[in-house]
Amino acid sequence: MTRALRSARYGAVLTFVLAGLMVGTMTVRIPAMTDKLGLSESTVGAILLVWGLGALVTMQSMRRIMARAGSRAVLRIGGPLTALGLLAVAFAPNLPLLLVAVAFFGMAFGTVDVAMNAQGSTVEQAYGRPLMNGMHAGWCVGAIAAGALGSLAIAVGLPFTANVALIGLVSLPVMVVLGRTYLPESPADGTVTTARRRMPPIVYLLGAIMFFAFMVEGTVADWNGLYMRNELGAPEALAALGYPVFEVGMLVARLTGDRLRTRFGVRGMLTVSGVATAGFFAVVLLAPAASVAVFTMFFVGLGVATISPLTLSLAGTATDTPGPAIAQAGAMGYAGLLLGPVVIGFLSDATSLRTALGIGVVLGALIALASRLLPRREGTALAPVPAVDRELEELAA
């Protein structure tokens, strides 16, 4: 194993960490942003929608860009731009400029999200063994760190602008330095033509599975606390624990997911993950007390955590280069993250929040059923890539 390959792995993991830190920082300081500019709840919803649509628009356009430029070039530009976008959010003095800054931040993050997963797939194939779950664990670490640092900033009275700007200023030079560690995909001949035509059917199947999983994640992130408080009568402090407990479960699963994949394969793991997600989500909805529901959120996180890393890893092996396929599957998945909370809102108005959240059980069952359509063998999914091997030999020379 060369030093360049180890550096590429650490660089990919740290990219996931910084992405989780930057996005998480904006999220946890939303109440402070609301106070700073005097925003209403509906306006905050619009701001989050603009951010999400910006990211989704970029993801939808990434197939051709990834085919031409590769993840290394995209990350070297998109990473620093994401940090600059966070700085723009921190210093926006009014709502119109905040919307512009949030849109820019979302679009820049959209490039990073696709490219870091493509880079992770390239590193994974160069290693010849599963690594993607460990990289996504880096995202969880970054998100948890954002929550901890945000809480510390609140405790010491650090305002929104200072807290968010500090994270952006730290992330900017680190992203620039990490650009030196990334591996090239060394695209094969005809890759651009491949990016223009339809992907293999398995890419769309994986995108659908990821769509279902991200709908679950979005539902938990946006509606779990309200469900705990309004339906189960939990006090604010207890209701707020549901999502962090869910994230801890995700982190634990992702730290062990690569070893489990080696033993059970993607098809088996996704099937079990879908069943576990459906089953434990049902326990949350049937829980007799809020404390039971909060505890069970850990197991919901365990169930859903490995689905997106596994689907992206497998999508990255569906074509000659991982970028275009990951862009397609990732865009489909991210649409679920945006759509899930909206669907829950409409259903809860028509029925009740508890009934609406039953969609989480349905989504888990759909993940399990769709996973049975995947091939039993992963084929050459983790075979080392010769072009990357040659590049590594040149770097080590």
# chains A, B, ... in the order shown; residues from 1 in each chain; ligands from 1
$ residues_around --residues "segment 202-213 of chain A" --least-positions-apart "2" --cutoff "6 Å" --atoms "only C-alpha atoms" --output "list of chain:residue names"
A:Pro200, A:Met215, A:Val216, A:Ser308, A:Thr311, A:Ala315, A:Ala329, A:Met332, A:Gly333, A:Gly336, A:Leu363, A:Ile367
$ write_last_selection --atoms "all heavy atoms" --output "PDB file, in the first residue's frame"
ATOM      1  N   PRO A 200     -27.188   2.052 -16.823  1.00  0.00           N
ATOM      2  CA  PRO A 200     -27.688   0.685 -16.677  1.00  0.00           C
ATOM      3  C   PRO A 200     -28.865   0.657 -15.700  1.00  0.00           C
ATOM      4  O   PRO A 200     -28.910   1.459 -14.755  1.00  0.00           O
ATOM      5  CB  PRO A 200     -26.480  -0.070 -16.115  1.00  0.00           C
ATOM      6  CG  PRO A 200     -25.300   0.739 -16.534  1.00  0.00           C
ATOM      7  CD  PRO A 200     -25.749   2.164 -16.531  1.00  0.00           C
ATOM      8  N   MET A 215     -35.755   9.378   2.300  1.00  0.00           N
ATOM      9  CA  MET A 215     -37.055   9.824   2.793  1.00  0.00           C
ATOM     10  C   MET A 215     -37.190   9.524   4.285  1.00  0.00           C
ATOM     11  O   MET A 215     -37.719  10.336   5.051  1.00  0.00           O
ATOM     12  CB  MET A 215     -38.186   9.143   2.020  1.00  0.00           C
ATOM     13  CG  MET A 215     -38.511   9.776   0.685  1.00  0.00           C
ATOM     14  SD  MET A 215     -40.087   9.197  -0.007  1.00  0.00           S
ATOM     15  CE  MET A 215     -41.266  10.129   0.974  1.00  0.00           C
ATOM     16  N   VAL A 216     -36.698   8.348   4.700  1.00  0.00           N
ATOM     17  CA  VAL A 216     -36.727   7.999   6.117  1.00  0.00           C
ATOM     18  C   VAL A 216     -35.863   8.970   6.916  1.00  0.00           C
ATOM     19  O   VAL A 216     -36.283   9.500   7.954  1.00  0.00           O
ATOM     20  CB  VAL A 216     -36.252   6.551   6.337  1.00  0.00           C
ATOM     21  CG1 VAL A 216     -36.126   6.244   7.834  1.00  0.00           C
ATOM     22  CG2 VAL A 216     -37.208   5.550   5.685  1.00  0.00           C
ATOM     23  N   SER A 308     -27.478   4.166   2.184  1.00  0.00           N
ATOM     24  CA  SER A 308     -26.933   5.098   1.192  1.00  0.00           C
ATOM     25  C   SER A 308     -25.466   4.808   0.860  1.00  0.00           C
ATOM     26  O   SER A 308     -25.096   4.838  -0.329  1.00  0.00           O
ATOM     27  CB  SER A 308     -27.114   6.549   1.647  1.00  0.00           C
ATOM     28  OG  SER A 308     -26.535   6.788   2.900  1.00  0.00           O
ATOM     29  N   THR A 311     -25.519   1.679  -1.503  1.00  0.00           N
ATOM     30  CA  THR A 311     -26.058   1.915  -2.840  1.00  0.00           C
ATOM     31  C   THR A 311     -25.103   2.768  -3.674  1.00  0.00           C
ATOM     32  O   THR A 311     -24.905   2.512  -4.866  1.00  0.00           O
ATOM     33  CB  THR A 311     -27.431   2.606  -2.755  1.00  0.00           C
ATOM     34  OG1 THR A 311     -27.345   3.754  -1.906  1.00  0.00           O
ATOM     35  CG2 THR A 311     -28.484   1.662  -2.193  1.00  0.00           C
ATOM     36  N   ALA A 315     -23.318   1.639  -7.082  1.00  0.00           N
ATOM     37  CA  ALA A 315     -23.543   2.460  -8.272  1.00  0.00           C
ATOM     38  C   ALA A 315     -22.218   2.875  -8.898  1.00  0.00           C
ATOM     39  O   ALA A 315     -22.097   2.955 -10.127  1.00  0.00           O
ATOM     40  CB  ALA A 315     -24.362   3.698  -7.917  1.00  0.00           C
ATOM     41  N   ALA A 329     -27.649   8.328  -9.174  1.00  0.00           N
ATOM     42  CA  ALA A 329     -28.243   7.704  -7.986  1.00  0.00           C
ATOM     43  C   ALA A 329     -28.357   8.713  -6.842  1.00  0.00           C
ATOM     44  O   ALA A 329     -29.365   8.739  -6.122  1.00  0.00           O
ATOM     45  CB  ALA A 329     -27.403   6.500  -7.550  1.00  0.00           C
ATOM     46  N   MET A 332     -31.319  11.106  -7.309  1.00  0.00           N
ATOM     47  CA  MET A 332     -32.575  10.430  -6.986  1.00  0.00           C
ATOM     48  C   MET A 332     -32.744  10.319  -5.469  1.00  0.00           C
ATOM     49  O   MET A 332     -33.831  10.556  -4.932  1.00  0.00           O
ATOM     50  CB  MET A 332     -32.609   9.044  -7.624  1.00  0.00           C
ATOM     51  CG  MET A 332     -32.694   9.065  -9.136  1.00  0.00           C
ATOM     52  SD  MET A 332     -32.618   7.402  -9.861  1.00  0.00           S
ATOM     53  CE  MET A 332     -34.153   6.679  -9.248  1.00  0.00           C
ATOM     54  N   GLY A 333     -31.673   9.956  -4.778  1.00  0.00           N
ATOM     55  CA  GLY A 333     -31.748   9.820  -3.332  1.00  0.00           C
ATOM     56  C   GLY A 333     -32.029  11.142  -2.646  1.00  0.00           C
ATOM     57  O   GLY A 333     -32.869  11.221  -1.750  1.00  0.00           O
ATOM     58  N   GLY A 336     -35.524  12.317  -2.381  1.00  0.00           N
ATOM     59  CA  GLY A 336     -36.271  11.722  -1.271  1.00  0.00           C
ATOM     60  C   GLY A 336     -36.077  12.485   0.021  1.00  0.00           C
ATOM     61  O   GLY A 336     -37.009  12.631   0.821  1.00  0.00           O
ATOM     62  N   LEU A 363     -41.709   2.577   3.821  1.00  0.00           N
ATOM     63  CA  LEU A 363     -40.438   2.796   3.117  1.00  0.00           C
ATOM     64  C   LEU A 363     -39.422   1.701   3.449  1.00  0.00           C
ATOM     65  O   LEU A 363     -38.691   1.224   2.565  1.00  0.00           O
ATOM     66  CB  LEU A 363     -39.868   4.165   3.476  1.00  0.00           C
ATOM     67  CG  LEU A 363     -40.639   5.369   2.938  1.00  0.00           C
ATOM     68  CD1 LEU A 363     -40.156   6.651   3.594  1.00  0.00           C
ATOM     69  CD2 LEU A 363     -40.502   5.461   1.422  1.00  0.00           C
ATOM     70  N   ILE A 367     -37.649  -0.829   0.753  1.00  0.00           N
ATOM     71  CA  ILE A 367     -36.201  -1.034   0.645  1.00  0.00           C
ATOM     72  C   ILE A 367     -35.875  -2.519   0.621  1.00  0.00           C
ATOM     73  O   ILE A 367     -35.086  -3.001  -0.204  1.00  0.00           O
ATOM     74  CB  ILE A 367     -35.472  -0.334   1.812  1.00  0.00           C
ATOM     75  CG1 ILE A 367     -35.564   1.182   1.657  1.00  0.00           C
ATOM     76  CG2 ILE A 367     -34.003  -0.763   1.881  1.00  0.00           C
ATOM     77  CD1 ILE A 367     -35.147   1.952   2.900  1.00  0.00           C
TER      78      ILE A 367
END
$ residues_around --residues "segment 299-307 of chain A" --least-positions-apart "2" --cutoff "7 Å" --atoms "only C-alpha atoms" --output "CSV table (one decimal) with N, CA, C and O atoms, in the first residue's frame"
chain,number,residue,atom,x,y,z
A,133,ASN,N,-18.7,2.8,3.9
A,133,ASN,CA,-19.5,3.0,5.1
A,133,ASN,C,-18.6,3.8,6.1
A,133,ASN,O,-19.1,4.7,6.8
A,210,MET,N,-32.1,4.3,-2.6
A,210,MET,CA,-31.6,5.4,-1.9
A,210,MET,C,-32.6,6.5,-1.6
A,210,MET,O,-32.7,7.2,-0.6
A,213,ALA,N,-34.6,5.4,1.4
A,213,ALA,CA,-33.8,5.6,2.6
A,213,ALA,C,-33.7,7.0,3.0
A,213,ALA,O,-33.8,7.4,4.2
A,246,PHE,N,-30.6,8.9,17.1
A,246,PHE,CA,-30.7,8.3,15.8
A,246,PHE,C,-29.3,8.5,15.1
A,246,PHE,O,-28.8,7.5,14.5
A,247,GLU,N,-28.7,9.6,15.2
A,247,GLU,CA,-27.4,9.8,14.5
A,247,GLU,C,-26.3,8.9,15.2
A,247,GLU,O,-25.4,8.4,14.4
A,249,GLY,N,-26.8,6.0,16.4
A,249,GLY,CA,-27.0,4.7,15.8
A,249,GLY,C,-26.5,4.6,14.4
A,249,GLY,O,-25.9,3.5,14.1
A,250,MET,N,-26.6,5.6,13.6
A,250,MET,CA,-26.1,5.6,12.3
A,250,MET,C,-24.5,5.5,12.3
A,250,MET,O,-23.9,4.8,11.5
A,253,ALA,N,-23.4,2.0,13.1
A,253,ALA,CA,-23.6,1.1,12.0
A,253,ALA,C,-22.6,1.3,10.9
A,253,ALA,O,-22.1,0.4,10.3
A,254,ARG,N,-22.3,2.6,10.6
A,254,ARG,CA,-21.3,2.9,9.5
A,254,ARG,C,-19.9,2.5,9.9
A,254,ARG,O,-19.1,2.2,9.0
A,257,GLY,N,-20.1,-1.2,9.2
A,257,GLY,CA,-20.8,-1.7,8.0
A,257,GLY,C,-19.8,-2.3,6.9
A,257,GLY,O,-20.2,-3.2,6.2
A,270,LEU,N,-28.7,-4.9,2.6
A,270,LEU,CA,-29.8,-4.0,2.3
A,270,LEU,C,-31.2,-4.6,2.6
A,270,LEU,O,-32.1,-3.9,3.1
A,273,SER,N,-31.4,-4.4,6.4
A,273,SER,CA,-31.6,-3.0,6.7
A,273,SER,C,-33.0,-2.5,6.5
A,273,SER,O,-33.5,-1.8,7.4
A,274,GLY,N,-33.6,-2.9,5.4
A,274,GLY,CA,-35.0,-2.5,5.1
A,274,GLY,C,-35.9,-3.0,6.2
A,274,GLY,O,-36.8,-2.3,6.7
A,276,ALA,N,-35.2,-4.1,9.2
A,276,ALA,CA,-34.9,-3.5,10.5
A,276,ALA,C,-35.5,-2.0,10.6
A,276,ALA,O,-36.1,-1.7,11.6
A,277,THR,N,-35.4,-1.3,9.5
A,277,THR,CA,-35.9,0.1,9.5
A,277,THR,C,-37.4,0.0,9.7
A,277,THR,O,-38.0,0.8,10.5
A,280,PHE,N,-38.3,-1.4,13.5
A,280,PHE,CA,-38.0,-0.4,14.6
A,280,PHE,C,-38.8,0.9,14.5
A,280,PHE,O,-39.2,1.5,15.5
A,281,PHE,N,-39.1,1.3,13.2
A,281,PHE,CA,-39.9,2.5,13.1
A,281,PHE,C,-41.3,2.2,13.6
A,281,PHE,O,-42.0,3.0,14.2
A,296,THR,N,-35.5,3.6,21.0
A,296,THR,CA,-35.7,2.9,19.8
A,296,THR,C,-35.1,3.6,18.6
A,296,THR,O,-34.7,3.0,17.6
A,297,MET,N,-35.0,4.9,18.6
A,297,MET,CA,-34.5,5.7,17.5
A,297,MET,C,-33.0,5.3,17.2
A,297,MET,O,-32.6,5.4,16.1
A,309,PRO,N,-24.6,4.5,1.8
A,309,PRO,CA,-23.2,4.2,1.4
A,309,PRO,C,-23.1,2.9,0.6
A,309,PRO,O,-22.4,2.9,-0.4
A,310,LEU,N,-24.0,1.9,0.8
A,310,LEU,CA,-23.9,0.7,0.0
A,310,LEU,C,-24.4,0.9,-1.4
A,310,LEU,O,-23.8,0.4,-2.4
A,311,THR,N,-25.5,1.7,-1.5
A,311,THR,CA,-26.1,1.9,-2.8
A,311,THR,C,-25.1,2.8,-3.7
A,311,THR,O,-24.9,2.5,-4.9
$ residues_around --residues "Ala153 of chain A" --least-positions-apart "3" --cutoff "12 Å" --atoms "only C-alpha atoms" --output "list in words"
Thr25, Val28, Arg29, Ala32, Ala145, Ala146, Gly147, Ala148, Leu149, Gly150, Val156, Gly157, Leu158, Pro159, Phe160, Thr161, Ala162, Asn163, Val164, Leu166 and Ile167 of chain A
$ closest_residue --among "A:Ala325, A:Leu369, A:Ala155, A:Leu84" --to "Ser121 of chain A" --atoms "only C-alpha atoms"
A:Ala325
$ residues_around --residues "Gly106 of chain A" --least-positions-apart "5" --cutoff "7 Å" --atoms "only C-alpha atoms" --output "list of chain:residue names"
A:Trp51, A:Gly52, A:Gly54, A:Ala55
$ atom_distance --atom1 "atom CA of Ala239 of chain A" --atom2 "atom CA of Ala293 of chain A"
9.6 Å
$ residues_around --residues "Thr34 of chain A" --least-positions-apart "3" --cutoff "12 Å" --atoms "only C-alpha atoms" --output "PyMOL selection string"
chain A and resi 26-31+37-45+47+94-95+98+159-161
$ residues_around --residues "segment 223-226 of chain A" --least-positions-apart "6" --cutoff "8 Å" --atoms "only C-alpha atoms" --output "MDAnalysis selection string"
chainID A and resid 239:243 341
$ write_last_selection --atoms "N, CA, C and O atoms" --output "short mmCIF file (atom, residue, chain, number, x, y, z; two decimals), in the first residue's frame"
data_model
loop_
_atom_site.label_atom_id
_atom_site.label_comp_id
_atom_site.auth_asym_id
_atom_site.auth_seq_id
_atom_site.Cartn_x
_atom_site.Cartn_y
_atom_site.Cartn_z
N ALA A 239 -37.63 15.27 23.96
CA ALA A 239 -37.99 15.21 22.54
C ALA A 239 -36.80 15.53 21.65
O ALA A 239 -36.63 14.95 20.57
N ALA A 240 -35.94 16.45 22.12
CA ALA A 240 -34.78 16.85 21.33
C ALA A 240 -33.72 15.76 21.24
O ALA A 240 -32.82 15.82 20.39
N LEU A 241 -33.80 14.76 22.09
CA LEU A 241 -32.79 13.69 22.09
C LEU A 241 -32.99 12.67 20.98
O LEU A 241 -32.09 11.92 20.66
N GLY A 242 -34.20 12.62 20.41
CA GLY A 242 -34.50 11.59 19.43
C GLY A 242 -33.54 11.59 18.25
O GLY A 242 -32.99 10.54 17.87
N TYR A 243 -33.31 12.77 17.66
CA TYR A 243 -32.45 12.83 16.47
C TYR A 243 -30.98 12.56 16.80
O TYR A 243 -30.33 11.80 16.06
N PRO A 341 -40.13 14.95 4.15
CA PRO A 341 -40.78 15.83 5.13
C PRO A 341 -42.02 16.52 4.60
O PRO A 341 -42.98 16.75 5.33
#
$ closest_residue --among "A:Glu231, A:Asp258, A:Glu185, A:Asp35" --to "His136 of chain A" --atoms "only C-alpha atoms"
A:Asp258
$ atom_distance --atom1 "atom CA of Glu124 of chain A" --atom2 "atom CA of Pro322 of chain A"
10.9 Å
$ atom_distance --atom1 "atom CA of Arg354 of chain A" --atom2 "atom CA of Tyr334 of chain A"
24.1 Å
$ select_by_dssp --residues "segment 137-316 of chain A" --states "helix (DSSP H, G or I)" --output "PyMOL selection string"
chain A and resi 137-155+160-178+191-196+201-230+236-239+242-286+290-304+307-315
